[in-house]
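Worksheet: the structure to be examined is printed underneath.
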2 protein chains.
Amino acid sequence: MTKHKRILLAHGSGGKLTHQLIDKLFVPTFHNQILERLDDGAILLQDSDTEGNERSGMAFTTDSYVVDPIFFPGGDIGRLAVCGTVNDLAMCGAEPLYLSAGLILEEGFPFADLETIVESMQQAAEEAGVSIVTGDTKVVRRGNVDKLFINTAGIGRVFSGVQISGRNAQVGDRVILSGTLGEHGLAVLLQREGLAFQSKIRSDVAPVNKMVSRMLQKFPDAIHVLRDPTRGGLATTLNEIAQSSQVAIELEEVKIPVSPEVLSACELLGFDPLYVANEGKFIAIVAPEVAEPILQFLRRFDLGENAAIIGQVLERPQGKVLLNTSMGGTRLVDMLVGEQLPRIC
Amino acid sequence: MTKHKRILLAHGSGGKLTHQLIDKLFVPTFHNQILERLDDGAILLQDSDTEGNERSGMAFTTDSYVVDPIFFPGGDIGRLAVCGTVNDLAMCGAEPLYLSAGLILEEGFPFADLETIVESMQQAAEEAGVSIVTGDTKVVRRGNVDKLFINTAGIGRVFSGVQISGRNAQVGDRVILSGTLGEHGLAVLLQREGLAFQSKIRSDVAPVNKMVSRMLQKFPDAIHVLRDPTRGGLATTLNEIAQSSQVAIELEEVKIPVSPEVLSACELLGFDPLYVANEGKFIAIVAPEVAEPILQFLRRFDLGENAAIIGQVLERPQGKVLLNTSMGGTRLVDMLVGEQLPRIC
C-alpha cells in the first residue's frame with residue numbers, strides 16, 4: 001500500500017485509493033465474512049424457519065451524498081440520495097423496501113430548499129416503491145459543512161433463487177449496459193462551472209429497481225453480476241468485476257452507447273466518458289445464450305431503450321479490462337487513478 | 001409552526017425545533033405508518049411464515065455523528081457512532097445485529113487518526129456483539145466538512161413478546177434511570193474548551209444493549225418504554241414520552257443520580273444536568289410491581305450500578321414533566337428550547 005499520511009480526495013473517488021482504503025483498513029479491521037464480499041451492499045445471513053427451510057436473505061447498504069451543487073439539471077441531492085441507495089439494493093438482486101435518511105445541515109440553510117429536497121426524496125421513493133421509515137437531522141455551524149449532506153441506508157429482500165455477485169462473471173458471459181454513459185457526472189459538472197445553460201445534458205438519476213426486478217423474475221438464473229457504474233464510471237466498475245471474478249472483460253468501443261452531447265462535452269472538457277459517473281444505469285453480466293433476449297426485454301423500458309451488449313468475458317488477461325477501439329486497436333482500460341470529479345455524488 | 005426561513009442550530013438540537021421539523025416537514029412528506037410512530041428506530045412490518053405465524057419484526061435506525069472534538073475523554077467519534085446506533089436499536093426492544101458505516105472525510109485528514117477511529121468503531125462493535133457489514137467513504141475538499149462526520153444505520157431483531165414504544169407509558173408506572181447524568185455532554189464540552197485537564201469527567205459512551213437484552217428476557221411484559229437520553233437530555237426525552245403517551249411524568253430531584261463532578265461543572269458552566277446528553281444511559285418506564293426487582297437486577301451490571309427509580313407516571317397534567325425539587329417545591333420541566341450544546345454527538 002502506498003501509505004499516505006493524510007487523506008486525499010482520491011481516497012473517496014471510488015478508484016484505486018478507495019479500494020486500498022477498503023482492502024487495507026476497513027476489511028481487516030471490521031473483519032467479517034459479509035463485508036469481505038465487497039458487493040454494492042451486504043447480503044445478510046440467510047434466515048431459516050424452524051424446519052430449517054432456507055428463507056430469502058436481506059440486503060443492506062449505505063451511501064453518503066455530498067454532491068455539489070445540490071441542485072442540477074435532472075435532479076437534486078434528495079433524488080440522488082434515494083435513487084443511489086435503491087439502485088445499490090437492486091444491484092444485490094434485491095427488492096428495495098425501506099430507507100433511512102440522515103441529514104447534516106449547515107446553519108442558515110434555506111428552509112425552502114430543504115422542503116424541495118425532502119419532497120424530491122419522497123417523489124423518488126414513490127417511483128422506486130420504497131418507504132423512508134427512519135431518520136436523523138443534525139445542524140452544524142456555518143462553515144462546518146458545505147450546505148447539506150445526506151446519508152441513506154437501505155434494506156431489501158433478495159429475490160429467491162438469484163445469485164448475484166461481483167465474483168460471478170464467467171468466461172463467455174456477455175456484458176450488457178442499460179443505457180448511455182456520462183449524463184450524471186457531466187450535468188453536475190456543467191452546473192458547477194456555470195455552463196449548464198449551454199448544454200442539453202441532464203442527469204440520468206433514476207431508480208432502476210423496477211426494471212431490474214422484472215428482469216430478475218424473467219431470467220432468474222442467467223444474471224451473474226449486476227453493478228451500477230457510479231463513482232469511477234464504467235471503467236472502474238468493470239475493473240472491480242474483472243478482479244473479483246478473476247477474469248478479463250473485453251469491450252467494443254463502437255457498441256458503447258454515448259450521446260453526441262456527452263461526447264462533445266467530454267471532448268471540450270477533457271473527460272473520458274468511461275470514467276464519468278452515472279446514476280440511472282446498470283451493467284448486467286449474463287449467460288451468453290440469453291444475452292439477446294435480455295437486451296430486447298430491457299429495451300422495452302423507458303430507462304432501457306438505449307441498452308446494448310458492449311462486450312464479453314474472457315479468461316485472460318486476468319483482472320483486466322480491454323477495449324477494442326473504433327480505430328481498430330486494443331488498449332487496457334485501467335481503474336480510475338486519482339480523482340476526476342470530486343463531489344459528483 | 002414558527003416558520004423560520006433558514007435552518008437554525010436549534011433545528012438539530014433534539015428539542016422543540018427538531019420536533020417541529022419532524023412533525024411539520026418529514027412526517028407529512030414521507031408519510032407512512034412506520035415513520036409516524038416516532039420511536040428511536042423504525043419497527044418494520046412483522047414477517048409471517050407461510051403458515052401465517054407471526055415472526056419477530058426487525059428494527060431499523062440511523063444517526064449521523066458530528067461531535068466536535070472527535071477525540072474526547074472516554075471515547076471518540078467512532079465509538080460514539082457505534083454505541084449511539086446500537087443503543088437506539090436496544091431502545092426499540094431489539095437485539096442489534098448489523099451496522100452500516102458512512103464516513104465523510106475532509107481532504108488532509110490524518111490517516112493515523114482515521115485508523116484509530118476505525119479501530120475504536122470495531123472495539124465498540126465487539127463490545128456490543130454487532131458486525132459492521134457495509135460502508136461508504138466520501139472525501140470532500142478542505143473546508144467543506146469539519147474533519148470527519150460518520151453516519152451509522154443499524155438493523156436488529158425485536159425480542160418476541162416485547163412491546164416497547166414511547167406511547168406505552170401507563171399511569172402508575174415507575175421511571176428508572178440506569179445511571180448518572182451528564183458525563184458525555186460535559187466531557188465533550190470541557191475537551192472543546194480546553195478545560196478537560198482540570199476535570200475527571202469522562203464520557204459515558206457505551207453500548208447498553210447487553211444489559212437491556214438481559215432485562216427484556218427476564219421481564220418481557222413489564223417494560224413499557226425504553227429511551228436513551230441523548231441530545232436534549234433527560235428532560236427532553238421524558239417530555240417526548242409524556243406527549244406520546246398522553247400522561248404526566250413526576251420526578252424526584254433527590255433521586256436523580258448526578259456525580260459531584262458533573263454537578264460542580266454544571267454550576268461553573270451554567271448548565272442544567274437534566275438537559276445534558278448521555279451516551280451510555282437509558283430510561284425504562286416499567287410496571288410498578290416489578291420496578292424494585294428490575295432496579296436490583298440492573299444494579300448488578302457495571303453500567304447499571306448507579307441505577308435509580310427517579311419518578312412515576314401520573315395522569316395529569318397531560319404531556320408535562322414535573323420535578324419535585326430538593327427544596328420542597330414543584331416545577332415544570334420543559335423540553336429543550338434552542339441549542340444548549342451544538343455538536344455534542
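Starting from 1 in every chain, residues are counted up; chains themselves are A, B, ... following the order of the C-alpha cells, and ligands are numbered from 1 as listed.
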**Study point:** 6 Å contact set for stretch 177-185 of chain A, only C-alpha atoms, chain neighbours under 3 positions out, as an MDAnalysis selection string
**Key:** chainID A and resid 188 203:204 257:258 273 276:278 281:283 304 306:308
- [ ] If you run DSSP over the backbone, which residues in stretch 140-274 of chain A end up alpha helix (DSSP H)? Put them as a PyMOL selection string.
- [x] chain A and resi 183-192+209-218+233-245+260-269
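Of the listed residues B:Lys138, B:Leu105, B:His31, B:Gly194, the one whose atoms come nearest to A:Met121 is B:His31, with distances taken using only C-alpha atoms.
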**OP:** Find, counting only C-alpha atoms, the residue in B:Asp76, B:Glu339, B:Glu261, B:Glu279 that gets nearest to chain A.
**Re:**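 For chain A, the nearest of the given residues is B:Glu339.
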Taken to one decimal, the atom CA of A:Ile104-atom CA of B:Ile150 distance is 10.4 Å
Which polymer residues have any atom within 10 Å of an atom of A:Ile77, counting only C-alpha atoms, with same-chain residues fewer than 5 positions away left out, as a VMD selection string?
chain A and resid 65 to 72 82 to 83 117 to 118 120 to 121 148 to 150 345
| Residue set, stretch 128-168 of chain B restricted to strand (DSSP E), as a list in words | Ser131, Ile132, Val133, Thr134, Gly135, Asp136, Thr137, Lys138, Val139, Val140, Leu148, Phe149, Ile150, Asn151, Thr152, Ala153, Gly154, Ile155, Gly156, Arg157 and Val158 of chain B
- request: Quick one: pull the distance between atom CA of A:Glu95 and atom CA of A:Gly156, Å, one decimal.
  value: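 Taking atom CA of A:Glu95 as the start and atom CA of A:Gly156 as the end point, the length is 5.1 Å.
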Q.
When you look at A:Gln198 with a cut-off of 12 Å (counting only C-alpha atoms), what residues show up, excluding the ones that are within fewer than 3 positions of it in the same chain? I need them as a list in words.
A.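 My reading of the contact set: Pro73, Ala187, Leu190, Gln191, Glu193, Gly194, Leu195, Ile201, Arg202, Glu261 and Ala265 of chain A.
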Restricting the output to all heavy atoms, write the selected residues as a PDB file, in the first residue's frame.
ATOM      1  N   PRO A  73     -29.274  20.001 -13.361  1.00  0.00           N
ATOM      2  CA  PRO A  73     -30.276  19.611 -14.369  1.00  0.00           C
ATOM      3  C   PRO A  73     -30.616  18.128 -14.240  1.00  0.00           C
ATOM      4  O   PRO A  73     -29.724  17.285 -14.260  1.00  0.00           O
ATOM      5  CB  PRO A  73     -29.573  19.904 -15.699  1.00  0.00           C
ATOM      6  CG  PRO A  73     -28.534  20.930 -15.372  1.00  0.00           C
ATOM      7  CD  PRO A  73     -28.082  20.619 -13.979  1.00  0.00           C
ATOM      8  N   ALA A 187     -23.706  16.578 -16.127  1.00  0.00           N
ATOM      9  CA  ALA A 187     -24.742  17.542 -15.724  1.00  0.00           C
ATOM     10  C   ALA A 187     -24.317  18.270 -14.454  1.00  0.00           C
ATOM     11  O   ALA A 187     -24.473  19.488 -14.333  1.00  0.00           O
ATOM     12  CB  ALA A 187     -26.079  16.827 -15.515  1.00  0.00           C
ATOM     13  N   LEU A 190     -21.224  20.613 -15.301  1.00  0.00           N
ATOM     14  CA  LEU A 190     -21.590  21.807 -16.080  1.00  0.00           C
ATOM     15  C   LEU A 190     -22.336  22.812 -15.202  1.00  0.00           C
ATOM     16  O   LEU A 190     -22.129  24.026 -15.299  1.00  0.00           O
ATOM     17  CB  LEU A 190     -22.430  21.408 -17.301  1.00  0.00           C
ATOM     18  CG  LEU A 190     -21.656  20.632 -18.379  1.00  0.00           C
ATOM     19  CD1 LEU A 190     -22.612  20.013 -19.394  1.00  0.00           C
ATOM     20  CD2 LEU A 190     -20.636  21.521 -19.084  1.00  0.00           C
ATOM     21  N   GLN A 191     -23.203  22.295 -14.308  1.00  0.00           N
ATOM     22  CA  GLN A 191     -23.908  23.191 -13.387  1.00  0.00           C
ATOM     23  C   GLN A 191     -22.912  23.872 -12.446  1.00  0.00           C
ATOM     24  O   GLN A 191     -22.996  25.076 -12.204  1.00  0.00           O
ATOM     25  CB  GLN A 191     -24.933  22.380 -12.587  1.00  0.00           C
ATOM     26  CG  GLN A 191     -25.743  23.186 -11.591  1.00  0.00           C
ATOM     27  CD  GLN A 191     -26.755  24.100 -12.262  1.00  0.00           C
ATOM     28  OE1 GLN A 191     -27.251  23.791 -13.338  1.00  0.00           O
ATOM     29  NE2 GLN A 191     -27.027  25.234 -11.644  1.00  0.00           N
ATOM     30  N   GLU A 193     -19.823  24.552 -12.924  1.00  0.00           N
ATOM     31  CA  GLU A 193     -18.963  25.508 -13.624  1.00  0.00           C
ATOM     32  C   GLU A 193     -19.770  26.642 -14.265  1.00  0.00           C
ATOM     33  O   GLU A 193     -19.208  27.466 -14.978  1.00  0.00           O
ATOM     34  CB  GLU A 193     -18.147  24.781 -14.697  1.00  0.00           C
ATOM     35  CG  GLU A 193     -17.278  23.650 -14.165  1.00  0.00           C
ATOM     36  CD  GLU A 193     -16.238  24.128 -13.156  1.00  0.00           C
ATOM     37  OE1 GLU A 193     -15.761  25.272 -13.301  1.00  0.00           O
ATOM     38  OE2 GLU A 193     -15.930  23.372 -12.210  1.00  0.00           O
ATOM     39  N   GLY A 194     -21.090  26.626 -14.055  1.00  0.00           N
ATOM     40  CA  GLY A 194     -21.912  27.692 -14.619  1.00  0.00           C
ATOM     41  C   GLY A 194     -22.101  27.576 -16.119  1.00  0.00           C
ATOM     42  O   GLY A 194     -22.423  28.551 -16.800  1.00  0.00           O
ATOM     43  N   LEU A 195     -21.944  26.361 -16.661  1.00  0.00           N
ATOM     44  CA  LEU A 195     -22.049  26.151 -18.106  1.00  0.00           C
ATOM     45  C   LEU A 195     -23.320  25.396 -18.497  1.00  0.00           C
ATOM     46  O   LEU A 195     -23.502  25.077 -19.680  1.00  0.00           O
ATOM     47  CB  LEU A 195     -20.833  25.359 -18.611  1.00  0.00           C
ATOM     48  CG  LEU A 195     -19.466  26.022 -18.382  1.00  0.00           C
ATOM     49  CD1 LEU A 195     -18.344  25.021 -18.644  1.00  0.00           C
ATOM     50  CD2 LEU A 195     -19.318  27.252 -19.278  1.00  0.00           C
ATOM     51  N   ILE A 201     -27.588  18.517 -21.549  1.00  0.00           N
ATOM     52  CA  ILE A 201     -27.326  17.315 -20.759  1.00  0.00           C
ATOM     53  C   ILE A 201     -28.010  17.407 -19.407  1.00  0.00           C
ATOM     54  O   ILE A 201     -27.847  18.381 -18.686  1.00  0.00           O
ATOM     55  CB  ILE A 201     -25.806  17.109 -20.578  1.00  0.00           C
ATOM     56  CG1 ILE A 201     -25.141  16.918 -21.945  1.00  0.00           C
ATOM     57  CG2 ILE A 201     -25.527  15.917 -19.671  1.00  0.00           C
ATOM     58  CD1 ILE A 201     -23.631  16.904 -21.896  1.00  0.00           C
ATOM     59  N   ARG A 202     -28.788  16.369 -19.092  1.00  0.00           N
ATOM     60  CA  ARG A 202     -29.471  16.272 -17.801  1.00  0.00           C
ATOM     61  C   ARG A 202     -29.016  14.986 -17.121  1.00  0.00           C
ATOM     62  O   ARG A 202     -28.804  13.969 -17.764  1.00  0.00           O
ATOM     63  CB  ARG A 202     -30.988  16.195 -18.008  1.00  0.00           C
ATOM     64  CG  ARG A 202     -31.610  17.494 -18.537  1.00  0.00           C
ATOM     65  CD  ARG A 202     -33.037  17.256 -18.996  1.00  0.00           C
ATOM     66  NE  ARG A 202     -33.898  16.806 -17.905  1.00  0.00           N
ATOM     67  CZ  ARG A 202     -34.464  17.633 -17.028  1.00  0.00           C
ATOM     68  NH1 ARG A 202     -34.265  18.936 -17.114  1.00  0.00           N
ATOM     69  NH2 ARG A 202     -35.237  17.161 -16.077  1.00  0.00           N
ATOM     70  N   GLU A 261     -24.174  14.721 -27.336  1.00  0.00           N
ATOM     71  CA  GLU A 261     -23.950  15.846 -26.408  1.00  0.00           C
ATOM     72  C   GLU A 261     -22.878  15.503 -25.378  1.00  0.00           C
ATOM     73  O   GLU A 261     -22.022  16.330 -25.058  1.00  0.00           O
ATOM     74  CB  GLU A 261     -25.243  16.212 -25.668  1.00  0.00           C
ATOM     75  CG  GLU A 261     -26.331  16.842 -26.523  1.00  0.00           C
ATOM     76  CD  GLU A 261     -27.147  15.821 -27.312  1.00  0.00           C
ATOM     77  OE1 GLU A 261     -27.013  14.601 -27.042  1.00  0.00           O
ATOM     78  OE2 GLU A 261     -27.912  16.239 -28.204  1.00  0.00           O
ATOM     79  N   ALA A 265     -19.219  17.291 -25.040  1.00  0.00           N
ATOM     80  CA  ALA A 265     -18.860  17.927 -23.766  1.00  0.00           C
ATOM     81  C   ALA A 265     -17.599  17.292 -23.191  1.00  0.00           C
ATOM     82  O   ALA A 265     -16.725  17.975 -22.659  1.00  0.00           O
ATOM     83  CB  ALA A 265     -20.015  17.825 -22.772  1.00  0.00           C
TER      84      ALA A 265
END
**Prompt:** Do you know which residues are at most 7 Å from stretch 215-232 of chain A counting only C-alpha atoms, after dropping those on the same chain fewer than 4 positions away, and could you put them as JSON, numbers by chain?
**Reply:** {"A": [13, 14, 15, 91, 161, 162, 163, 164, 165, 166, 168, 169, 211, 236, 237, 275, 276, 277, 278, 279, 281, 282, 283, 284, 285, 286, 287, 336]}
Shell around B:Gly41 at 8 Å using only C-alpha atoms, local window under 4 positions removed, as an mmCIF file with all heavy atoms, in the first residue's frame:
data_model
loop_
_atom_site.group_PDB
_atom_site.id
_atom_site.type_symbol
_atom_site.label_atom_id
_atom_site.label_comp_id
_atom_site.auth_asym_id
_atom_site.auth_seq_id
_atom_site.Cartn_x
_atom_site.Cartn_y
_atom_site.Cartn_z
ATOM 1 N N THR A 134 -37.164 5.913 8.795
ATOM 2 C CA THR A 134 -36.476 6.419 9.984
ATOM 3 C C THR A 134 -35.458 7.454 9.537
ATOM 4 O O THR A 134 -35.004 7.419 8.385
ATOM 5 C CB THR A 134 -35.844 5.262 10.793
ATOM 6 O OG1 THR A 134 -35.380 5.745 12.050
ATOM 7 C CG2 THR A 134 -34.703 4.580 10.059
ATOM 8 N N ALA B 59 -35.948 -4.122 13.629
ATOM 9 C CA ALA B 59 -35.837 -2.694 13.938
ATOM 10 C C ALA B 59 -34.758 -2.097 13.042
ATOM 11 O O ALA B 59 -33.778 -2.773 12.700
ATOM 12 C CB ALA B 59 -35.466 -2.500 15.398
ATOM 13 N N PHE B 60 -34.931 -0.842 12.651
ATOM 14 C CA PHE B 60 -34.029 -0.175 11.696
ATOM 15 C C PHE B 60 -33.893 1.273 12.162
ATOM 16 O O PHE B 60 -34.905 1.932 12.436
ATOM 17 C CB PHE B 60 -34.672 -0.246 10.305
ATOM 18 C CG PHE B 60 -33.883 0.340 9.165
ATOM 19 C CD1 PHE B 60 -32.498 0.328 9.149
ATOM 20 C CD2 PHE B 60 -34.548 0.889 8.069
ATOM 21 C CE1 PHE B 60 -31.787 0.852 8.071
ATOM 22 C CE2 PHE B 60 -33.856 1.411 6.986
ATOM 23 C CZ PHE B 60 -32.463 1.390 6.999
ATOM 24 N N THR B 61 -32.670 1.752 12.276
ATOM 25 C CA THR B 61 -32.469 3.105 12.778
ATOM 26 C C THR B 61 -31.216 3.721 12.170
ATOM 27 O O THR B 61 -30.373 3.010 11.636
ATOM 28 C CB THR B 61 -32.373 3.093 14.325
ATOM 29 O OG1 THR B 61 -32.381 4.432 14.797
ATOM 30 C CG2 THR B 61 -31.107 2.409 14.798
ATOM 31 N N THR B 62 -31.098 5.043 12.224
ATOM 32 C CA THR B 62 -29.898 5.722 11.713
ATOM 33 C C THR B 62 -29.600 6.958 12.541
ATOM 34 O O THR B 62 -30.505 7.563 13.119
ATOM 35 C CB THR B 62 -30.070 6.140 10.236
ATOM 36 O OG1 THR B 62 -28.802 6.548 9.719
ATOM 37 C CG2 THR B 62 -31.047 7.298 10.078
ATOM 38 N N ASP B 88 -29.830 2.891 20.156
ATOM 39 C CA ASP B 88 -31.156 3.185 19.589
ATOM 40 C C ASP B 88 -31.899 1.890 19.259
ATOM 41 O O ASP B 88 -33.122 1.802 19.442
ATOM 42 C CB ASP B 88 -31.028 4.041 18.323
ATOM 43 C CG ASP B 88 -30.873 5.524 18.658
ATOM 44 O OD1 ASP B 88 -31.058 5.904 19.824
ATOM 45 O OD2 ASP B 88 -30.560 6.295 17.738
ATOM 46 N N LEU B 89 -31.173 0.886 18.751
ATOM 47 C CA LEU B 89 -31.825 -0.409 18.472
ATOM 48 C C LEU B 89 -32.283 -1.056 19.775
ATOM 49 O O LEU B 89 -33.397 -1.593 19.856
ATOM 50 C CB LEU B 89 -30.868 -1.334 17.720
ATOM 51 C CG LEU B 89 -30.592 -0.943 16.271
ATOM 52 C CD1 LEU B 89 -29.457 -1.798 15.692
ATOM 53 C CD2 LEU B 89 -31.846 -1.080 15.403
ATOM 54 N N CYS B 92 -35.479 0.105 20.980
ATOM 55 C CA CYS B 92 -36.658 -0.429 20.267
ATOM 56 C C CYS B 92 -37.048 -1.807 20.812
ATOM 57 O O CYS B 92 -37.937 -2.452 20.257
ATOM 58 C CB CYS B 92 -36.356 -0.589 18.780
ATOM 59 S SG CYS B 92 -36.008 0.940 17.918
#
| Closest to chain A among B:Glu253, B:Asp113, B:Glu292, B:Glu127, using only C-alpha atoms? |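 Using only C-alpha atoms, the shortest distance to chain A belongs to B:Asp113.
Note that atom CA of A:Ala101 and atom CA of A:Thr137 are 8.5 Å apart.
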- Task: Can you work out which one of B:Ile310, B:Ile176, B:Val333, B:Leu341 has the shortest atom-to-atom distance to chain A, counting only C-alpha atoms?
- Result: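 The closest residue to chain A is B:Leu341.
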